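**Student:** To be precise about what I am sending: the file is called model36.cif and holds mmCIF, C-alpha atoms.
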data_coords
loop_
_atom_site.group_PDB
_atom_site.id
_atom_site.type_symbol
_atom_site.label_atom_id
_atom_site.label_comp_id
_atom_site.auth_asym_id
_atom_site.auth_seq_id
_atom_site.Cartn_x
_atom_site.Cartn_y
_atom_site.Cartn_z
ATOM 1 C CA MET N 1 58.763 142.468 103.181
ATOM 2 C CA ALA N 2 56.631 145.304 101.813
ATOM 3 C CA PRO N 3 52.837 144.900 101.499
ATOM 4 C CA ALA N 4 51.708 143.569 98.117
ATOM 5 C CA PRO N 5 50.661 146.390 95.780
ATOM 6 C CA SER N 6 47.157 146.674 94.355
ATOM 7 C CA SER N 7 46.438 146.987 90.647
ATOM 8 C CA SER N 8 45.689 150.701 91.065
ATOM 9 C CA GLN N 9 49.194 151.182 92.443
ATOM 10 C CA VAL N 10 50.927 149.664 89.424
ATOM 11 C CA LEU N 11 48.674 150.117 86.372
ATOM 12 C CA GLY N 12 49.132 153.463 84.686
ATOM 13 C CA ARG N 13 52.357 153.909 86.640
ATOM 14 C CA VAL N 14 56.053 153.046 86.479
ATOM 15 C CA THR N 15 57.557 150.880 89.215
ATOM 16 C CA LEU N 16 61.265 151.582 89.589
ATOM 17 C CA VAL N 17 63.063 148.671 91.286
ATOM 18 C CA THR N 18 66.565 149.495 92.520
ATOM 19 C CA GLY N 19 69.210 147.804 94.640
ATOM 20 C CA LYS N 20 71.681 144.935 94.621
ATOM 21 C CA GLU N 21 69.567 142.329 96.399
ATOM 22 C CA GLU N 22 68.396 140.192 93.483
ATOM 23 C CA PHE N 23 65.965 138.117 95.537
ATOM 24 C CA LEU N 24 64.184 141.192 96.905
ATOM 25 C CA ASN N 25 64.064 142.759 93.451
ATOM 26 C CA GLU N 26 62.489 139.624 91.977
ATOM 27 C CA ARG N 27 59.968 139.562 94.806
ATOM 28 C CA THR N 28 58.853 143.070 93.825
ATOM 29 C CA VAL N 29 58.515 142.092 90.162
ATOM 30 C CA HIS N 30 56.409 139.057 91.063
ATOM 31 C CA ALA N 31 54.213 141.199 93.306
ATOM 32 C CA VAL N 32 53.535 143.638 90.449
ATOM 33 C CA ARG N 33 52.730 140.783 88.075
ATOM 34 C CA ARG N 34 50.351 139.212 90.605
ATOM 35 C CA ALA N 35 48.543 142.531 91.047
ATOM 36 C CA VAL N 36 48.103 142.905 87.287
ATOM 37 C CA SER N 37 46.970 139.289 86.830
ATOM 38 C CA ALA N 38 44.492 139.614 89.701
ATOM 39 C CA HIS N 39 43.001 142.654 87.937
ATOM 40 C CA ASP N 40 42.928 140.945 84.525
ATOM 41 C CA ALA N 41 43.576 137.207 84.243
ATOM 42 C CA ASP N 42 44.233 137.641 80.502
ATOM 43 C CA ALA N 43 46.812 140.381 80.969
ATOM 44 C CA GLU N 44 49.891 140.028 78.785
ATOM 45 C CA LEU N 45 53.223 139.700 80.614
ATOM 46 C CA SER N 46 56.483 140.537 78.853
ATOM 47 C CA GLU N 47 60.061 141.424 79.671
ATOM 48 C CA SER N 48 63.312 142.456 78.032
ATOM 49 C CA LEU N 49 66.876 143.401 78.821
ATOM 50 C CA ALA N 50 67.405 147.145 78.544
ATOM 51 C CA SER N 51 70.424 146.560 76.310
ATOM 52 C CA ASP N 52 68.191 144.776 73.768
ATOM 53 C CA LEU N 53 65.627 147.561 73.517
ATOM 54 C CA THR N 54 65.139 149.777 70.503
ATOM 55 C CA ALA N 55 62.811 152.723 70.107
ATOM 56 C CA SER N 56 60.206 150.541 68.426
ATOM 57 C CA SER N 57 60.447 147.622 70.872
ATOM 58 C CA LEU N 58 60.195 150.018 73.820
ATOM 59 C CA GLU N 59 57.083 151.567 72.344
ATOM 60 C CA GLU N 60 55.610 148.127 71.722
ATOM 61 C CA MET N 61 56.300 146.957 75.285
ATOM 62 C CA SER N 62 54.773 150.012 76.897
ATOM 63 C CA ALA N 63 51.568 150.123 74.835
ATOM 64 C CA PRO N 64 48.375 148.079 75.207
ATOM 65 C CA SER N 65 48.568 144.687 73.506
ATOM 66 C CA LEU N 66 46.509 143.729 70.467
ATOM 67 C CA PHE N 67 45.352 140.652 72.377
ATOM 68 C CA SER N 68 44.726 142.195 75.801
ATOM 69 C CA ALA N 69 43.821 145.635 77.107
ATOM 70 C CA THR N 70 46.137 145.117 80.109
ATOM 71 C CA ARG N 71 49.870 144.568 80.054
ATOM 72 C CA CYS N 72 52.775 144.239 82.489
ATOM 73 C CA ALA N 73 56.197 144.920 80.951
ATOM 74 C CA VAL N 74 59.487 144.431 82.777
ATOM 75 C CA VAL N 75 62.753 146.001 81.661
ATOM 76 C CA ARG N 76 65.789 144.464 83.358
ATOM 77 C CA SER N 77 69.275 145.973 83.834
ATOM 78 C CA LEU N 78 68.166 149.540 83.244
ATOM 79 C CA GLU N 79 71.769 150.627 83.776
ATOM 80 C CA ASP N 80 72.520 149.187 80.318
ATOM 81 C CA LEU N 81 69.831 151.168 78.499
ATOM 82 C CA PRO N 82 71.208 152.808 75.336
ATOM 83 C CA ASP N 83 71.699 156.548 75.786
ATOM 84 C CA ASP N 84 69.458 157.397 72.865
ATOM 85 C CA LEU N 85 66.477 155.845 74.663
ATOM 86 C CA TYR N 86 66.756 157.924 77.846
ATOM 87 C CA ASP N 87 64.400 160.621 76.577
ATOM 88 C CA ARG N 88 61.829 158.076 75.401
ATOM 89 C CA VAL N 89 61.758 156.361 78.803
ATOM 90 C CA LEU N 90 61.382 159.712 80.552
ATOM 91 C CA ALA N 91 58.645 160.780 78.139
ATOM 92 C CA TYR N 92 56.694 157.605 78.844
ATOM 93 C CA ALA N 93 57.138 158.028 82.619
ATOM 94 C CA ALA N 94 55.690 161.529 82.333
ATOM 95 C CA ALA N 95 52.497 160.171 80.754
ATOM 96 C CA PRO N 96 52.174 156.390 81.309
ATOM 97 C CA VAL N 97 49.464 154.347 79.588
ATOM 98 C CA GLU N 98 46.493 153.688 81.862
ATOM 99 C CA ASP N 99 46.312 149.898 81.424
ATOM 100 C CA VAL N 100 50.045 149.211 81.401
ATOM 101 C CA ALA N 101 52.287 148.454 84.388
ATOM 102 C CA LEU N 102 55.892 149.190 83.453
ATOM 103 C CA VAL N 103 58.647 147.877 85.746
ATOM 104 C CA LEU N 104 62.162 149.253 85.359
ATOM 105 C CA MET N 105 64.889 147.304 87.196
ATOM 106 C CA HIS N 106 68.247 148.874 88.046
ATOM 107 C CA GLY N 107 70.857 146.644 89.663
ATOM 108 C CA GLY N 108 72.657 149.330 91.631
ATOM 109 C CA GLY N 109 75.889 151.188 91.031
ATOM 110 C CA SER N 110 76.547 154.556 89.449
ATOM 111 C CA LYS N 111 75.893 153.584 85.841
ATOM 112 C CA GLY N 112 72.654 155.147 84.667
ATOM 113 C CA SER N 113 72.320 157.220 87.848
ATOM 114 C CA GLY N 114 71.398 160.318 85.867
ATOM 115 C CA LEU N 115 68.366 158.561 84.428
ATOM 116 C CA LEU N 116 67.379 157.343 87.890
ATOM 117 C CA THR N 117 67.517 160.885 89.265
ATOM 118 C CA LYS N 118 65.162 162.145 86.584
ATOM 119 C CA LEU N 119 62.790 159.196 86.930
ATOM 120 C CA ARG N 120 62.506 159.735 90.680
ATOM 121 C CA LYS N 121 61.215 163.237 90.046
ATOM 122 C CA GLN N 122 58.240 161.954 88.044
ATOM 123 C CA ALA N 123 54.956 161.813 89.976
ATOM 124 C CA SER N 124 53.954 158.595 88.229
ATOM 125 C CA VAL N 125 57.097 156.702 89.327
ATOM 126 C CA THR N 126 57.099 154.568 92.479
ATOM 127 C CA GLU N 127 60.540 153.439 93.601
ATOM 128 C CA VAL N 128 60.976 150.176 95.509
ATOM 129 C CA LYS N 129 64.518 150.070 96.823
ATOM 130 C CA ALA N 130 66.004 146.800 98.067
ATOM 131 C CA ALA N 131 68.576 147.856 100.627
ATOM 132 C CA GLU N 132 71.632 145.618 100.639
ATOM 133 C CA VAL N 133 71.597 143.246 103.598
ATOM 134 C CA LYS N 134 74.865 143.398 105.535
ATOM 135 C CA TYR N 135 76.300 141.961 108.711
ATOM 136 C CA ALA N 136 74.854 139.171 110.813
ATOM 137 C CA SER N 137 72.353 141.519 112.450
ATOM 138 C CA GLY N 138 70.987 142.521 109.034
ATOM 139 C CA TYR N 139 70.276 138.920 108.079
ATOM 140 C CA GLN N 140 68.674 138.292 111.463
ATOM 141 C CA ASP N 141 66.431 141.323 110.955
ATOM 142 C CA PHE N 142 65.476 139.940 107.537
ATOM 143 C CA VAL N 143 64.530 136.597 109.108
ATOM 144 C CA LYS N 144 62.462 138.285 111.803
ATOM 145 C CA GLY N 145 60.672 140.321 109.136
ATOM 146 C CA GLU N 146 59.879 137.169 107.165
ATOM 147 C CA PHE N 147 58.318 135.491 110.182
ATOM 148 C CA ALA N 148 56.377 138.648 111.073
ATOM 149 C CA GLN N 149 54.988 138.898 107.541
ATOM 150 C CA LEU N 150 53.861 135.279 107.839
ATOM 151 C CA GLY N 151 52.098 136.059 111.108
ATOM 152 C CA ALA N 152 54.563 134.038 113.186
ATOM 153 C CA ARG N 153 56.854 134.807 116.114
ATOM 154 C CA VAL N 154 60.503 133.790 116.263
ATOM 155 C CA ALA N 155 62.787 133.847 119.296
ATOM 156 C CA PRO N 156 65.916 136.030 118.878
ATOM 157 C CA ASP N 157 68.311 133.123 119.426
ATOM 158 C CA ALA N 158 66.329 131.049 116.910
ATOM 159 C CA ALA N 159 66.708 133.781 114.275
ATOM 160 C CA GLU N 160 70.450 133.963 114.897
ATOM 161 C CA PHE N 161 70.873 130.188 114.667
ATOM 162 C CA LEU N 162 68.825 130.037 111.477
ATOM 163 C CA VAL N 163 71.186 132.527 109.804
ATOM 164 C CA VAL N 164 74.197 130.522 111.003
ATOM 165 C CA ALA N 165 72.718 127.230 109.795
ATOM 166 C CA VAL N 166 71.234 128.328 106.466
ATOM 167 C CA GLY N 167 73.718 131.043 105.494
ATOM 168 C CA HIS N 168 73.310 134.426 103.826
ATOM 169 C CA ASP N 169 71.188 133.440 100.846
ATOM 170 C CA LEU N 170 67.947 135.410 101.246
ATOM 171 C CA ARG N 171 65.948 132.994 99.129
ATOM 172 C CA SER N 172 66.964 130.068 101.356
ATOM 173 C CA LEU N 173 66.255 132.034 104.535
ATOM 174 C CA ALA N 174 62.801 133.000 103.283
ATOM 175 C CA ALA N 175 62.080 129.383 102.365
ATOM 176 C CA ALA N 176 63.210 128.219 105.811
ATOM 177 C CA ALA N 177 60.909 130.729 107.512
ATOM 178 C CA GLN N 178 58.033 129.576 105.306
ATOM 179 C CA GLN N 179 58.706 125.923 106.140
ATOM 180 C CA LEU N 180 58.907 126.470 109.902
ATOM 181 C CA THR N 181 55.782 128.621 109.948
ATOM 182 C CA SER N 182 53.881 126.063 107.912
ATOM 183 C CA ASP N 183 54.960 123.123 110.062
ATOM 184 C CA PHE N 184 54.330 124.852 113.397
ATOM 185 C CA PRO N 185 51.303 127.109 112.874
ATOM 186 C CA GLY N 186 50.438 129.354 115.795
ATOM 187 C CA GLN N 187 53.612 128.464 117.693
ATOM 188 C CA GLN N 188 56.596 130.623 118.479
ATOM 189 C CA VAL N 189 59.580 129.343 116.498
ATOM 190 C CA THR N 190 62.160 128.511 119.140
ATOM 191 C CA LEU N 191 65.836 127.631 119.028
ATOM 192 C CA GLU N 192 64.943 123.980 119.648
ATOM 193 C CA LEU N 193 62.639 123.888 116.615
ATOM 194 C CA VAL N 194 65.236 125.476 114.351
ATOM 195 C CA LYS N 195 67.924 123.088 115.584
ATOM 196 C CA ARG N 196 65.615 120.147 114.933
ATOM 197 C CA TYR N 197 65.301 121.168 111.272
ATOM 198 C CA PHE N 198 68.635 122.788 110.504
ATOM 199 C CA GLY N 199 71.037 121.789 113.282
ATOM 200 C CA GLY N 200 72.761 119.232 111.082
ATOM 201 C CA ARG N 201 74.262 121.853 108.799
ATOM 202 C CA ALA N 202 78.017 122.307 108.874
ATOM 203 C CA GLU N 203 78.007 125.941 110.004
ATOM 204 C CA ALA N 204 75.607 125.172 112.850
ATOM 205 C CA LYS N 205 77.787 122.291 114.068
ATOM 206 C CA SER N 206 80.821 124.590 114.057
ATOM 207 C CA PHE N 207 79.124 127.180 116.252
ATOM 208 C CA ALA N 208 78.016 124.453 118.664
ATOM 209 C CA VAL N 209 81.699 123.611 119.186
ATOM 210 C CA ALA N 210 82.580 127.278 119.692
ATOM 211 C CA ASP N 211 79.721 127.917 122.134
ATOM 212 C CA ALA N 212 80.663 124.953 124.312
ATOM 213 C CA THR N 213 84.325 125.966 124.254
ATOM 214 C CA MET N 214 83.628 129.575 125.246
ATOM 215 C CA ALA N 215 81.386 128.264 128.034
ATOM 216 C CA GLY N 216 84.350 126.283 129.366
ATOM 217 C CA ASP N 217 82.707 122.889 128.885
ATOM 218 C CA ALA N 218 85.563 120.849 127.456
ATOM 219 C CA ASP N 219 83.699 117.537 127.422
ATOM 220 C CA GLN N 220 80.725 118.988 125.560
ATOM 221 C CA ALA N 221 82.982 120.885 123.151
ATOM 222 C CA LEU N 222 84.998 117.755 122.305
ATOM 223 C CA GLU N 223 81.807 115.746 121.828
ATOM 224 C CA GLU N 224 80.386 118.419 119.503
ATOM 225 C CA LEU N 225 83.717 118.532 117.654
ATOM 226 C CA ARG N 226 83.796 114.785 117.018
ATOM 227 C CA TRP N 227 80.183 114.836 115.871
ATOM 228 C CA ALA N 228 80.902 117.747 113.530
ATOM 229 C CA LEU N 229 84.001 116.170 111.984
ATOM 230 C CA ASP N 230 82.375 112.744 111.671
ATOM 231 C CA GLY N 231 79.471 114.442 109.901
ATOM 232 C CA GLY N 232 81.779 115.960 107.295
ATOM 233 C CA THR N 233 82.065 119.510 108.660
ATOM 234 C CA PRO N 234 85.234 121.100 107.168
ATOM 235 C CA ALA N 235 87.820 121.884 109.859
ATOM 236 C CA VAL N 236 88.197 125.424 108.539
ATOM 237 C CA LEU N 237 84.567 126.163 109.464
ATOM 238 C CA VAL N 238 85.287 125.187 113.054
ATOM 239 C CA THR N 239 88.283 127.503 113.319
ATOM 240 C CA SER N 240 86.221 130.275 111.711
ATOM 241 C CA ALA N 241 83.464 129.869 114.305
ATOM 242 C CA MET N 242 86.042 129.797 117.096
ATOM 243 C CA ALA N 243 87.665 132.955 115.767
ATOM 244 C CA GLY N 244 84.333 134.784 115.656
ATOM 245 C CA SER N 245 83.509 133.893 119.253
ATOM 246 C CA VAL N 246 86.958 134.857 120.553
ATOM 247 C CA ARG N 247 86.930 138.154 118.656
ATOM 248 C CA GLY N 248 83.502 138.981 120.101
ATOM 249 C CA VAL N 249 84.810 138.663 123.652
ATOM 250 C CA ALA N 250 88.011 140.537 122.734
ATOM 251 C CA ARG N 251 86.019 143.466 121.342
ATOM 252 C CA PHE N 252 83.865 143.490 124.464
ATOM 253 C CA LEU N 253 86.897 143.598 126.756
ATOM 254 C CA GLY N 254 88.312 146.446 124.686
ATOM 255 C CA SER N 255 85.132 148.525 124.823
ATOM 256 C CA VAL N 256 85.302 151.767 126.763
ATOM 257 C CA ASP N 257 81.595 151.963 127.645
ATOM 258 C CA ARG N 258 79.912 148.635 128.352
ATOM 259 C CA SER N 259 76.765 150.023 129.934
ATOM 260 C CA ARG N 260 74.623 150.808 126.871
ATOM 261 C CA GLU N 261 73.791 147.527 125.171
ATOM 262 C CA ASN N 262 72.410 149.006 121.941
ATOM 263 C CA ASP N 263 75.583 151.020 121.338
ATOM 264 C CA LEU N 264 77.713 148.060 122.338
ATOM 265 C CA ALA N 265 75.789 145.790 119.968
ATOM 266 C CA ARG N 266 76.604 148.088 117.050
ATOM 267 C CA GLU N 267 80.254 148.146 118.070
ATOM 268 C CA LEU N 268 80.432 144.356 118.327
ATOM 269 C CA GLY N 269 78.339 143.788 115.200
ATOM 270 C CA VAL N 270 75.750 141.620 116.994
ATOM 271 C CA PRO N 271 72.061 142.024 117.944
ATOM 272 C CA PRO N 272 71.438 143.621 121.392
ATOM 273 C CA TRP N 273 70.328 140.366 123.030
ATOM 274 C CA LYS N 274 73.599 138.681 122.010
ATOM 275 C CA VAL N 275 75.534 141.220 124.078
ATOM 276 C CA LYS N 276 74.260 139.493 127.227
ATOM 277 C CA THR N 277 75.851 136.223 126.126
ATOM 278 C CA ILE N 278 79.167 137.889 125.318
ATOM 279 C CA ARG N 279 79.042 139.824 128.576
ATOM 280 C CA ALA N 280 78.565 136.567 130.498
ATOM 281 C CA GLN N 281 81.393 134.850 128.606
ATOM 282 C CA SER N 282 83.761 137.759 129.177
ATOM 283 C CA ARG N 283 83.622 137.350 132.956
ATOM 284 C CA SER N 284 85.936 134.357 132.635
ATOM 285 C CA TRP N 285 88.493 136.138 130.474
ATOM 286 C CA ASP N 286 91.127 138.773 131.058
ATOM 287 C CA ASP N 287 93.324 140.634 128.585
ATOM 288 C CA VAL N 288 96.169 138.122 128.853
ATOM 289 C CA GLY N 289 93.878 135.145 128.378
ATOM 290 C CA ILE N 290 92.002 136.568 125.382
ATOM 291 C CA ALA N 291 95.277 137.595 123.727
ATOM 292 C CA GLY N 292 96.459 134.017 124.103
ATOM 293 C CA ALA N 293 93.167 132.766 122.692
ATOM 294 C CA LEU N 294 93.507 134.971 119.609
ATOM 295 C CA ARG N 295 97.029 133.629 119.012
ATOM 296 C CA ALA N 296 95.887 130.043 119.508
ATOM 297 C CA VAL N 297 93.025 130.419 117.011
ATOM 298 C CA ALA N 298 95.313 132.073 114.451
ATOM 299 C CA GLN N 299 97.873 129.265 114.812
ATOM 300 C CA ALA N 300 95.212 126.556 114.527
ATOM 301 C CA ASP N 301 93.762 128.229 111.437
ATOM 302 C CA ALA N 302 97.211 128.348 109.808
ATOM 303 C CA ASP N 303 97.823 124.696 110.708
ATOM 304 C CA ILE N 304 94.480 123.603 109.302
ATOM 305 C CA LYS N 305 95.096 125.442 106.044
ATOM 306 C CA GLY N 306 98.478 123.929 105.357
ATOM 307 C CA ALA N 307 100.856 122.907 108.074
ATOM 308 C CA ALA N 308 98.913 120.314 110.080
ATOM 309 C CA HIS N 309 98.614 116.664 109.057
ATOM 310 C CA ASP N 310 95.925 115.827 111.623
ATOM 311 C CA ALA N 311 93.057 118.325 111.661
ATOM 312 C CA SER N 312 91.245 116.472 114.448
ATOM 313 C CA TYR N 313 94.241 116.701 116.767
ATOM 314 C CA THR N 314 94.740 120.376 115.926
ATOM 315 C CA LEU N 315 91.123 121.226 116.757
ATOM 316 C CA GLU N 316 91.076 119.145 119.942
ATOM 317 C CA ARG N 317 94.218 120.932 121.071
ATOM 318 C CA LEU N 318 92.586 124.282 120.288
ATOM 319 C CA VAL N 319 89.490 123.431 122.349
ATOM 320 C CA LEU N 320 91.586 122.393 125.359
ATOM 321 C CA THR N 321 93.863 125.419 124.991
ATOM 322 C CA LEU N 322 90.947 127.874 124.971
ATOM 323 C CA VAL N 323 89.235 126.181 127.902
ATOM 324 C CA GLY N 324 92.503 126.350 129.808
ATOM 325 C CA LEU N 325 93.007 130.034 129.008
ATOM 326 C CA ARG N 326 89.415 130.744 130.062
ATOM 327 C CA ALA N 327 90.087 129.167 133.438
ATOM 328 C CA ARG N 328 92.535 131.973 134.209
#
Take the structure in the file and write it out as structure tokens.
**Tutor:**
Amino acid sequence: MAPAPSSSQVLGRVTLVTGKEEFLNERTVHAVRRAVSAHDADAELSESLASDLTASSLEEMSAPSLFSATRCAVVRSLEDLPDDLYDRVLAYAAAPVEDVALVLMHGGGSKGSGLLTKLRKQASVTEVKAAEVKYASGYQDFVKGEFAQLGARVAPDAAEFLVVAVGHDLRSLAAAAQQLTSDFPGQQVTLELVKRYFGGRAEAKSFAVADATMAGDADQALEELRWALDGGTPAVLVTSAMAGSVRGVARFLGSVDRSRENDLARELGVPPWKVKTIRAQSRSWDDVGIAGALRAVAQADADIKGAAHDASYTLERLVLTLVGLRAR
């Protein structure tokens, strides 16, 4: 989360918001509006789709209002701006109005890239780029950044579990971080706290089954499985969690260099601290066992999605099969 801009950083300038992450883009727009409103409580706020703009409406948006000396104008979907307005937008960016904050939002992609290139060359243009969040580690980094911005500390395993439980919606993850920080001020947010709030979610229950299975604890895994299914967790989520855990160990066993955890983390697609867990799990597996585990998970997944009449039996059999293969 970037620091909130001041009025001097947005008034008399153009803020270019780019990237595919809608939530992060909206956060930037709100930050600009707050800065303008803090400078002038009577500032006029307006917005428009780029496709709806005309030469006259663009000029009206980017000029001081009749009712207020200060204005914040937002143009969304800049990629859809009519070609005949390119020069007018560039001309305004070259000499922006002192009391106007103009925000231009581009949703990513190649459309309109020529205009973006020219805008970026203007001294009065500040670009705020929302990099697309990818992979589990990217969402965990986002969560950690949210807690840090709120002045809170979060344990690495708590951040991972929060992503598993809440999912990949940035707005929901930010709200969860806000809630935990508010409810436990001054405390480190631990795995136990996150589980207390979000452990009942279907995805979290599925990973509890997988963790117990990979640890070789059949009784715990079966108990977690019954709790998950009784709570309405779809069987396909359980097989998905199982598959992810098995593939993690398989990739580890297939790695050439297992000594450098940061490099290994990138190869496995997990945060560095998670490598220690996978390394510990892998000690109970060999190539024959993990190959059997991959086949068992694939068969269970196929059964769940069509062939099996009893999902509970299929998943119980999978748990016992994996624990047995691990015992090799």
**Student:** Can you pull out the residues contacting segment 11-23 of chain N? Cut-off 9 Å, using only C-alpha atoms, and skip same-chain residues under 3 positions away; I want them as a ChimeraX atom specification.
**Tutor:** /N:6-8,26-29,32,35-36,70-72,92-93,95-109,116,119-120,123-133,169-171
**Student:** To test your reading of the syntax: which residues would the PyMOL selection byres ((chain N and resi 174) around 10) return for the file shown? Reply as a list in words.
**Tutor:**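 When the PyMOL selection byres ((chain N and resi 174) around 10) is applied, the selected residues are Phe23, Phe142, Val143, Gly145, Glu146, Phe147, Asp169, Leu170, Arg171, Ser172, Leu173, Ala175, Ala176, Ala177, Gln178 and Gln179 of chain N.
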**Student:** Give me the residues near Leu325 of chain N as a ChimeraX atom specification, where near means some atom within 9 Å (using all atoms listed in the file) and where sequence neighbours in that chain fewer than 2 positions away do not count.
**Tutor:** /N:285,288-290,292-293,320-323,327-328
**Student:** Using C-alpha atoms, can you write the selected residues to a file as a PDB file, keeping the file's coordinate frame?
**Tutor:**
ATOM      1  CA  TRP N 285      88.493 136.138 130.474  1.00  0.00           C
ATOM      2  CA  VAL N 288      96.169 138.122 128.853  1.00  0.00           C
ATOM      3  CA  GLY N 289      93.878 135.145 128.378  1.00  0.00           C
ATOM      4  CA  ILE N 290      92.002 136.568 125.382  1.00  0.00           C
ATOM      5  CA  GLY N 292      96.459 134.017 124.103  1.00  0.00           C
ATOM      6  CA  ALA N 293      93.167 132.766 122.692  1.00  0.00           C
ATOM      7  CA  LEU N 320      91.586 122.393 125.359  1.00  0.00           C
ATOM      8  CA  THR N 321      93.863 125.419 124.991  1.00  0.00           C
ATOM      9  CA  LEU N 322      90.947 127.874 124.971  1.00  0.00           C
ATOM     10  CA  VAL N 323      89.235 126.181 127.902  1.00  0.00           C
ATOM     11  CA  ALA N 327      90.087 129.167 133.438  1.00  0.00           C
ATOM     12  CA  ARG N 328      92.535 131.973 134.209  1.00  0.00           C
TER      13      ARG N 328
END
**Student:** Can you report as AutoDock Vina command-line options the centre and edge lengths in Å, to one decimal, of an axis-aligned box around the listed atoms of segment 125-129 of chain N padded with 3 Å on each side?
**Tutor:**
--center_x 60.8 --center_y 153.4 --center_z 93.1 --size_x 13.4 --size_y 12.6 --size_z 13.5
**Student:** Give me, as a count of residues only, all polymer residues having an atom no more than 10 Å from Val164 of chain N, counting all atoms listed in the file and skipping those fewer than 2 positions away in the same chain.
**Tutor:** 21
**Student:** Select, from N:Ser245, N:Gln281, N:Ser312, N:Gln187, the residue with the minimum atom-to-atom distance to Gly232 of chain N, counting all atoms listed in the file.
**Tutor:**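 So, comparing all the options, the nearest one is N:Ser312.
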**Student:** What separation in Å, quoted to one decimal, exists between atom CA of Leu229 of chain N and atom CA of Ala212 of chain N?
**Tutor:**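 Separation between atom CA of Leu229 of chain N and atom CA of Ala212 of chain N: 15.5 Å.
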**Student:** Using only C-alpha atoms, find the one residue out of N:Leu222, N:Leu24, N:Leu294, N:Val154 that sits nearest to Val249 of chain N.
**Tutor:**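 Among N:Leu222, N:Leu24, N:Leu294, N:Val154, it is N:Leu294 that comes nearest to Val249 of chain N.
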**Student:** If I take atom CA of Val209 of chain N and atom CA of Ala221 of chain N, how far is one from the other in Å, to one decimal?
**Tutor:**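 Taking atom CA of Val209 of chain N as the start and atom CA of Ala221 of chain N as the end point, the length is 5.0 Å.
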**Student:** Grab the atom CA of Ala302 of chain N to atom CA of Val163 of chain N distance for me, in Å with one decimal place.
**Tutor:**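 Separation of atom CA of Ala302 of chain N and atom CA of Val163 of chain N: 26.4 Å.
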**Student:** Apply the PyMOL selection byres ((chain N and resi 253) around 10) to the file shown and report the selected residues as an NGL selection string.
**Tutor:** :N and (247-252 or 254-258 or 278-279 or 282-283 or 285-287 or 290)
**Student:** Restricting the calculation to all atoms listed in the file: of N:Ala152, N:Tyr313, N:Val10, N:Leu237, which residue gets closest to Ala38 of chain N?
**Tutor:**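 Among the listed residues, N:Val10 lies closest to Ala38 of chain N.
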**Student:** Counting all atoms listed in the file, which of N:Ala208, N:Leu193, N:Gly151, N:Asp303 gets nearest to Trp227 of chain N?
**Tutor:** N:Ala208
**Student:** Got a minute to add N, CA and C atoms to segment 275-286 of chain N and dump it as a PDB file, in the coordinates of the input?
**Tutor:**
ATOM      1  N   VAL N 275      74.561 140.571 123.199  1.00  0.00           N
ATOM      2  CA  VAL N 275      75.534 141.220 124.078  1.00  0.00           C
ATOM      3  C   VAL N 275      75.526 140.555 125.453  1.00  0.00           C
ATOM      4  N   LYS N 276      74.348 140.128 125.910  1.00  0.00           N
ATOM      5  CA  LYS N 276      74.260 139.493 127.227  1.00  0.00           C
ATOM      6  C   LYS N 276      75.088 138.211 127.269  1.00  0.00           C
ATOM      7  N   THR N 277      75.061 137.455 126.181  1.00  0.00           N
ATOM      8  CA  THR N 277      75.851 136.223 126.126  1.00  0.00           C
ATOM      9  C   THR N 277      77.339 136.535 126.162  1.00  0.00           C
ATOM     10  N   ILE N 278      77.746 137.521 125.358  1.00  0.00           N
ATOM     11  CA  ILE N 278      79.167 137.889 125.318  1.00  0.00           C
ATOM     12  C   ILE N 278      79.599 138.467 126.652  1.00  0.00           C
ATOM     13  N   ARG N 279      78.723 139.244 127.267  1.00  0.00           N
ATOM     14  CA  ARG N 279      79.042 139.824 128.576  1.00  0.00           C
ATOM     15  C   ARG N 279      79.278 138.706 129.597  1.00  0.00           C
ATOM     16  N   ALA N 280      78.418 137.686 129.567  1.00  0.00           N
ATOM     17  CA  ALA N 280      78.565 136.567 130.498  1.00  0.00           C
ATOM     18  C   ALA N 280      79.857 135.801 130.225  1.00  0.00           C
ATOM     19  N   GLN N 281      80.162 135.567 128.948  1.00  0.00           N
ATOM     20  CA  GLN N 281      81.393 134.850 128.606  1.00  0.00           C
ATOM     21  C   GLN N 281      82.633 135.620 129.043  1.00  0.00           C
ATOM     22  N   SER N 282      82.574 136.935 128.916  1.00  0.00           N
ATOM     23  CA  SER N 282      83.761 137.759 129.177  1.00  0.00           C
ATOM     24  C   SER N 282      84.189 137.744 130.640  1.00  0.00           C
ATOM     25  N   ARG N 283      83.284 137.352 131.527  1.00  0.00           N
ATOM     26  CA  ARG N 283      83.622 137.350 132.956  1.00  0.00           C
ATOM     27  C   ARG N 283      84.718 136.347 133.274  1.00  0.00           C
ATOM     28  N   SER N 284      84.907 135.372 132.394  1.00  0.00           N
ATOM     29  CA  SER N 284      85.936 134.357 132.635  1.00  0.00           C
ATOM     30  C   SER N 284      87.215 134.621 131.852  1.00  0.00           C
ATOM     31  N   TRP N 285      87.314 135.810 131.262  1.00  0.00           N
ATOM     32  CA  TRP N 285      88.493 136.138 130.474  1.00  0.00           C
ATOM     33  C   TRP N 285      89.122 137.438 130.962  1.00  0.00           C
ATOM     34  N   ASP N 286      90.438 137.511 130.842  1.00  0.00           N
ATOM     35  CA  ASP N 286      91.127 138.773 131.058  1.00  0.00           C
ATOM     36  C   ASP N 286      91.923 139.084 129.795  1.00  0.00           C
TER      37      ASP N 286
END
